[in-house]
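**Q** Input: one structure, supplied below.
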Amino acid sequence: MTSDDLLAALRDHLPARDILTAADDMQPFLKDWRHMFHGAALCVALPRSTADVQQIVRLCAQAGVAIVPQGGNTGLAGGATPDASGRSVVLSLSRMNRIVAIDRTGLTVTAEAGVILDTLRAALAEMQRDLPISFGASGSATLGGILATNAGGANVLRSGMAGRMVLGLEVVLADGSVVSELSGLHKDNSGLNWMQLFVGSEGSLGIITQAVMRIETLRPYSATALLALPSAGAALGLYTRAVDGIGDRLAAFEIMSRDAIERVEKAFDLKCPVEKDAWLVLMEASSTSVHLEDDFNAFMEGAFESGLLADGAIAANQSQRQAFWRLRESLTEAEALSGRSVKHDISVPVSRMADFLARGDAVLADVARQTGAVLNPHVFGHIGDGNLHYNILCDRHEAAGAINRAVHDLVIACGGSITAEHGVGQYRLSEVYRLAPPARLALQERIKAALDPDTILNPGKLIRGARP
Ligand code: FAD
Ligand code: 2HG
Ligand code: ZN
């Protein structure tokens with residue numbers, strides 16, 4: 001089947017408005033959020049149902065044309081961007097965005113893959129329920145994309161990664177068949193836990209069309225503090241105290257370097273309300289109990305007396321709380337506005353974070369000497385998960401590879417992972433193949449070959465599959 005035949009067949013099955021081919025219409029789907037990857041496509045298909053997705057997949061499989069699944073296109077690893085060949089079909093789930101059912105008692109929500117996270121959480125909040133996934137792109141990121149990347153965010157220390165909340169899934173496979181278990185059972189050991197195979201699979205094993213997620217009772221009371229600390233060691237000390245003192249009410253514990261916050265202040269004309277030190281921590285607790293505020297204030301009093309803190313402020317109301325979070329959630333955009341950066345989404349055991357940061361300074365100094373590049377770290381992350389966005393602003397594009405390799409070698413030496421929450425996509429594929437255990441890579445390739453023998457689904461991302 002030629003490309004023209006495929007387009008004609010797609011148009012036979014879907015209304016013309018659901019198949020985009022004009023360059024201007026396709027353009028937003030062909031580059032990633034950072035504008036780092038640019039691709040081309042035969043068309044962008046916008047299915048409205050699982051049956052539409054099956055039809056598109058079958059036709060592409062017949063034509064031997066690759067499919068690039070896309071949700072909100074906010075991913076940071078280039079996973080949703082097609083290659084430059086112009087032979088792929090981008091399959092956007094954005095029009096499959098229905099919330100199918102909310103079960104307040106069974107604590108589940110069923111929704112189509114294209115529903116936007118903020119929309120889903122707002123609908124749940126109206127029913128005093130929540131899906132505790134929180135990050136800066138929540139106004140665009142979709143449920144399918146969140147599951148396909150196993151997204152993390154600020155609440156992982158209490159609620160785990162997105163994949164931990166999956167109770168049901170509907171997936172279209174590479175041959176167009178569908179596997180669907182949407183009853184949302186909390187307990188089901190009647191077979192392999194197959195759904196987890198698709199969590200974090202970045203569109204390379206199947207297309208997620210619907211999911212059932214475990215939800216929680218909304219915690220209406222929250223307490224939030226923005227704190228300045230002189231060292232990463234002090235921040236870890238405070239985290240240990242918070243784990244003991246706040247327990248499972250601790251919802252977020254985010255670390256940000258002073259330099260990174262100063263870039264946010266400059267880029268968005270914002271003012272950090274505390275006297276800054278080397279590190280800032282944004283700490284939040286939430287609860288269903290009205291006593292949270294008293295307990296949180298008592299904890300903070302003890303923290304100030306411990307001598308760990310240089311300065312700090314507790315949000316007195318919702319608008320101050322939002323102002324603290326605005327500083328935190330603007331870090332990625334401020335970085336993008338500050339020049340070219342080399343991103344690292346690393347994790348190490350929590351106990352080794354201070355060690356990693358100290359050794360990181362030495363590693364960067366070495367790379368700067370070797371490459372002649374000027375390097376400015378823009379570091380922040382999720383302390384409770386041992387996850388740092390160890391991003392380096394760099395004036396020389398050619399130095400990016402050397403920086404990546406040096407940082408990743410240190411991560412491995414510290415017993416860590418070179419991608420904690422953003423995934424592999426195309427950005428980290430060669431580094432994953434350089435560093436991952438060969439047995440794991442071989443297993444992944446066997447799974448890929450079994451589920452997608454013709455490498456139709458998202459080739460060149462996450463898993464190297466043979467393209468016939
Ligand atoms: P896309 O970007 O469209 O796709 C991502 C990957 O999933 C691609 O490989 C794509 O092929 C695949 N995919 C998408 N939909 C499907 C589907 N239905 N079926 C199969 N495969 C699919 N991530 C975190 O983990 N934590 C954070 O704190 C965080 N903060 C962010 C802040 C900002 C400002 C930005 C821009 C991004 C952030 N991210 C964060 C990145 C995060 O991974 C994405 O925002 C989100 O998980 C991806 O959702 P999406 O719908 O945009 O997916
Ligand atoms: C965050 O924690 C996101 O804000 C984005 O994971 C990280 O920009 C980044 O590198
Ligand atoms: Zn993050």
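So you can find residues: chains in the structure tokens are A, B, ... in the order shown, residues in each start at 1, and ligands are numbered from 1 in order.
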What's the 6 Å shell around A:Gly114, counting only C-alpha atoms, without same-chain residues fewer than 6 positions away, as a ChimeraX atom specification?

**A** /A:93-94,96-97,142

**Q** Write out as a ChimeraX atom specification each polymer residue (protein, DNA or RNA) that has an atom no more than 10 Å from ligand 3, with only C-alpha atoms and all ligand atoms counted.

**A** /A:134-136,151-154,156,254,329,332,345-346,380-382,385,387-389,420-422

**Q** In Å, how far is it from atom CA of A:Val290 to atom CA of A:Ile133?

**A**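 Separation of atom CA of A:Val290 and atom CA of A:Ile133: 22.8 Å.
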
**Q** Which neighbours of stretch 163-178 of chain A fall inside 9 Å, counting only C-alpha atoms, when residues of the same chain fewer than 3 positions from it are skipped, and could you give them as a PyMOL selection string?

**A** chain A and resi 50+53-59+61+108+110+131+146-151+159-160+181-187+195-196+198-200+205-215+451-457

**Q** Go ahead and compute the interatomic distance for atom CA of A:Leu143 and atom CA of A:Leu46, in Å to one decimal.

**A**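 Going from atom CA of A:Leu143 over to atom CA of A:Leu46, I get 16.2 Å.
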
**Q** How many Å separate atom CA of A:Tyr239 from atom CA of A:Arg328?

**A**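 A separation of 17.5 Å between them.
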
**Q** Residues within 9 Å of stretch 16-28 of chain A, please, as a list in words. Count only C-alpha atoms; anything in the same chain fewer than 3 positions from it doesn't count.

**A** Leu7, Leu10, Arg11, Asp12, Lys31, Asp32, Ala40, Ala41, Leu42, Cys43, Val44, Ala45, Leu46, Pro47, Arg48 and Asn73 of chain A

**Q** Find the residues near A:Leu30: any atom within 6 Å, counting only C-alpha atoms, skip ones fewer than 4 places away on the same chain, and give them as a VMD selection string.

**A** chain A and resid 38 to 39 81

**Q** Let me see the file: selected residues, N, CA and C atoms, as an mmCIF file, in the first residue's frame.

**A**
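Just written: again_5.cif:
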```
data_model
loop_
_atom_site.group_PDB
_atom_site.id
_atom_site.type_symbol
_atom_site.label_atom_id
_atom_site.label_comp_id
_atom_site.auth_asym_id
_atom_site.auth_seq_id
_atom_site.Cartn_x
_atom_site.Cartn_y
_atom_site.Cartn_z
ATOM 1 N N HIS A 38 12.188 17.897 16.098
ATOM 2 C CA HIS A 38 11.257 18.302 15.050
ATOM 3 C C HIS A 38 11.127 17.128 14.102
ATOM 4 N N GLY A 39 9.899 16.776 13.750
ATOM 5 C CA GLY A 39 9.707 15.654 12.842
ATOM 6 C C GLY A 39 8.785 16.024 11.701
ATOM 7 N N THR A 81 7.267 12.761 19.390
ATOM 8 C CA THR A 81 7.625 13.447 18.141
ATOM 9 C C THR A 81 8.068 12.412 17.099
#
```

**Q** I need the residue nearest ligand 2 from this list: A:Leu393, A:Ala51, A:Ala125, A:Ala285. Use only C-alpha atoms and all ligand atoms for the distance.

**A** A:Leu393

**Q** So which residues touch stretch 278-283 of chain A within 7 Å, counting only C-alpha atoms, skipping near sequence neighbours fewer than 3 positions away, as number ranges by chain?

**A** A: 224-232, 252-258

**Q** Which residues, written as a ChimeraX atom specification, have at least one atom at most 12 Å from A:Phe356, with only C-alpha atoms counted and residues fewer than 6 positions away on the same chain left out?

**A** /A:232-233,346-350,362-364,386-388,390,407-416

**Q** Atoms to include: N, CA, C and O atoms. Write the selected residues as a tab-separated table (two decimals), in the first residue's frame.

**A**
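Writing the result to out-v4.tsv gives the following:
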```
chain	number	residue	atom	x	y	z
A	232	ALA	N	22.33	20.91	51.01
A	232	ALA	CA	21.45	19.78	50.68
A	232	ALA	C	21.37	18.83	51.87
A	232	ALA	O	20.32	18.21	52.11
A	233	GLY	N	22.46	18.72	52.63
A	233	GLY	CA	22.46	17.87	53.83
A	233	GLY	C	21.41	18.35	54.83
A	233	GLY	O	20.68	17.54	55.42
A	346	ILE	N	17.43	12.49	37.05
A	346	ILE	CA	18.12	11.35	37.67
A	346	ILE	C	17.51	10.98	39.03
A	346	ILE	O	16.87	11.80	39.68
A	347	SER	N	17.70	9.73	39.43
A	347	SER	CA	17.38	9.41	40.82
A	347	SER	C	18.52	8.60	41.42
A	347	SER	O	19.21	7.84	40.72
A	348	VAL	N	18.74	8.82	42.71
A	348	VAL	CA	19.71	8.03	43.48
A	348	VAL	C	19.01	7.67	44.80
A	348	VAL	O	17.99	8.30	45.13
A	349	PRO	N	19.54	6.70	45.53
A	349	PRO	CA	18.92	6.45	46.85
A	349	PRO	C	18.90	7.75	47.65
A	349	PRO	O	19.87	8.53	47.60
A	350	VAL	N	17.80	8.01	48.35
A	350	VAL	CA	17.63	9.29	49.06
A	350	VAL	C	18.86	9.60	49.92
A	350	VAL	O	19.34	10.73	49.96
A	362	ALA	N	32.21	18.47	41.16
A	362	ALA	CA	33.55	18.13	40.66
A	362	ALA	C	33.46	17.62	39.21
A	362	ALA	O	34.30	17.99	38.35
A	363	VAL	N	32.46	16.80	38.94
A	363	VAL	CA	32.29	16.26	37.59
A	363	VAL	C	32.06	17.40	36.58
A	363	VAL	O	32.67	17.44	35.50
A	364	LEU	N	31.21	18.36	36.95
A	364	LEU	CA	30.92	19.47	36.03
A	364	LEU	C	32.16	20.33	35.82
A	364	LEU	O	32.41	20.81	34.70
A	386	GLY	N	14.29	10.86	45.88
A	386	GLY	CA	15.69	10.82	45.44
A	386	GLY	C	15.84	11.28	44.00
A	386	GLY	O	16.79	10.92	43.31
A	387	ASN	N	14.90	12.09	43.53
A	387	ASN	CA	14.84	12.46	42.10
A	387	ASN	C	15.23	13.94	41.92
A	387	ASN	O	14.56	14.82	42.44
A	388	LEU	N	16.33	14.15	41.20
A	388	LEU	CA	16.77	15.52	40.94
A	388	LEU	C	16.69	15.82	39.45
A	388	LEU	O	17.06	14.98	38.61
A	390	TYR	N	18.69	17.55	37.40
A	390	TYR	CA	20.05	18.08	37.47
A	390	TYR	C	20.36	18.69	36.10
A	390	TYR	O	21.14	18.17	35.31
A	407	VAL	N	27.58	13.06	33.76
A	407	VAL	CA	26.57	13.05	34.83
A	407	VAL	C	25.99	11.64	34.99
A	407	VAL	O	25.85	11.12	36.10
A	408	HIS	N	25.68	11.01	33.86
A	408	HIS	CA	25.07	9.67	33.94
A	408	HIS	C	26.05	8.65	34.54
A	408	HIS	O	25.63	7.76	35.29
A	409	ASP	N	27.34	8.77	34.23
A	409	ASP	CA	28.31	7.85	34.84
A	409	ASP	C	28.30	8.01	36.36
A	409	ASP	O	28.38	7.02	37.11
A	410	LEU	N	28.20	9.26	36.82
A	410	LEU	CA	28.16	9.50	38.27
A	410	LEU	C	26.89	8.89	38.87
A	410	LEU	O	26.92	8.29	39.95
A	411	VAL	N	25.77	9.05	38.15
A	411	VAL	CA	24.50	8.49	38.64
A	411	VAL	C	24.64	6.98	38.85
A	411	VAL	O	24.25	6.43	39.88
A	412	ILE	N	25.21	6.33	37.85
A	412	ILE	CA	25.36	4.87	37.94
A	412	ILE	C	26.30	4.52	39.10
A	412	ILE	O	26.04	3.59	39.88
A	413	ALA	N	27.37	5.30	39.26
A	413	ALA	CA	28.31	5.05	40.37
A	413	ALA	C	27.61	5.22	41.72
A	413	ALA	O	28.00	4.60	42.71
A	414	CYS	N	26.58	6.05	41.77
A	414	CYS	CA	25.83	6.26	43.02
A	414	CYS	C	24.65	5.29	43.14
A	414	CYS	O	23.78	5.47	44.00
A	415	GLY	N	24.57	4.32	42.26
A	415	GLY	CA	23.49	3.32	42.35
A	415	GLY	C	22.15	3.86	41.91
A	415	GLY	O	21.10	3.44	42.41
A	416	GLY	N	22.16	4.81	40.93
A	416	GLY	CA	20.91	5.47	40.56
A	416	GLY	C	20.37	5.09	39.19
A	416	GLY	O	20.85	4.16	38.54
```

**Q** Please report, as a ChimeraX atom specification, each residue of stretch 78-169 of chain A to which DSSP assigns alpha helix (DSSP H) when run on this structure's backbone.

**A** /A:117-125,143-148,156-159

**Q** I need the residues from that last selection saved to file as a CSV table (one decimal), in the first residue's frame (with C-alpha atoms), if you can.

**A**
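This is the output file part.csv:
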```csv
chain,number,residue,atom,x,y,z
A,117,LEU,CA,-5.2,15.9,34.2
A,118,ASP,CA,-6.5,19.2,35.5
A,119,THR,CA,-10.0,18.5,34.0
A,120,LEU,CA,-10.1,15.1,35.7
A,121,ARG,CA,-9.0,16.4,39.0
A,122,ALA,CA,-11.5,19.2,38.9
A,123,ALA,CA,-14.3,16.8,38.2
A,124,LEU,CA,-13.1,14.6,41.1
A,125,ALA,CA,-12.8,17.5,43.5
A,143,LEU,CA,-4.2,10.4,31.3
A,144,GLY,CA,-2.8,8.2,28.5
A,145,GLY,CA,0.4,10.2,28.3
A,146,ILE,CA,0.8,10.1,32.1
A,147,LEU,CA,0.4,6.3,32.2
A,148,ALA,CA,2.6,5.8,29.1
A,156,VAL,CA,4.9,10.6,44.6
A,157,LEU,CA,6.4,10.4,48.1
A,158,ARG,CA,2.9,9.7,49.5
A,159,SER,CA,1.0,8.3,46.6
```

**Q** Run DSSP on the backbone and give me the residues of stretch 262-381 of chain A it puts in strand (DSSP E), as a list in words.

**A**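 Taking stretch 262-381 of chain A and keeping strand (DSSP E) only, one gets Trp279, Leu280, Val281, Leu282, Met283, Glu284, Ala285, Ser286, Ser287, Asp311, Gly312, Ala313, Ile314, Ser341, Val342, Asp345, Ile346, Ser347, Leu375, Asn376, Pro377, His378, Val379, Phe380 and Gly381 of chain A.
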
**Q** With distances taken over only C-alpha atoms and all ligand atoms, which of A:Ser204, A:Ser85, A:Gln426, A:Gln70 is nearest to ligand 1?

**A**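 Of all the options, A:Gln70 lies closest to ligand 1.
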
**Q** Taking only C-alpha atoms and all ligand atoms into account, which of A:Ser180, A:Asn317, A:Gln444, A:Ser341 comes nearest ligand 2?

**A**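 Once distances to ligand 2 are computed over only C-alpha atoms and all ligand atoms, the minimum belongs to A:Ser341.
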
**Q** For a quick check of understanding, using only C-alpha atoms and all ligand atoms, which of A:Ala368, A:Val379, A:Ile102, A:Leu270 has the smallest distance to ligand 2?

**A**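 Going through A:Ala368, A:Val379, A:Ile102, A:Leu270 one by one, the smallest distance to ligand 2 is for A:Val379.
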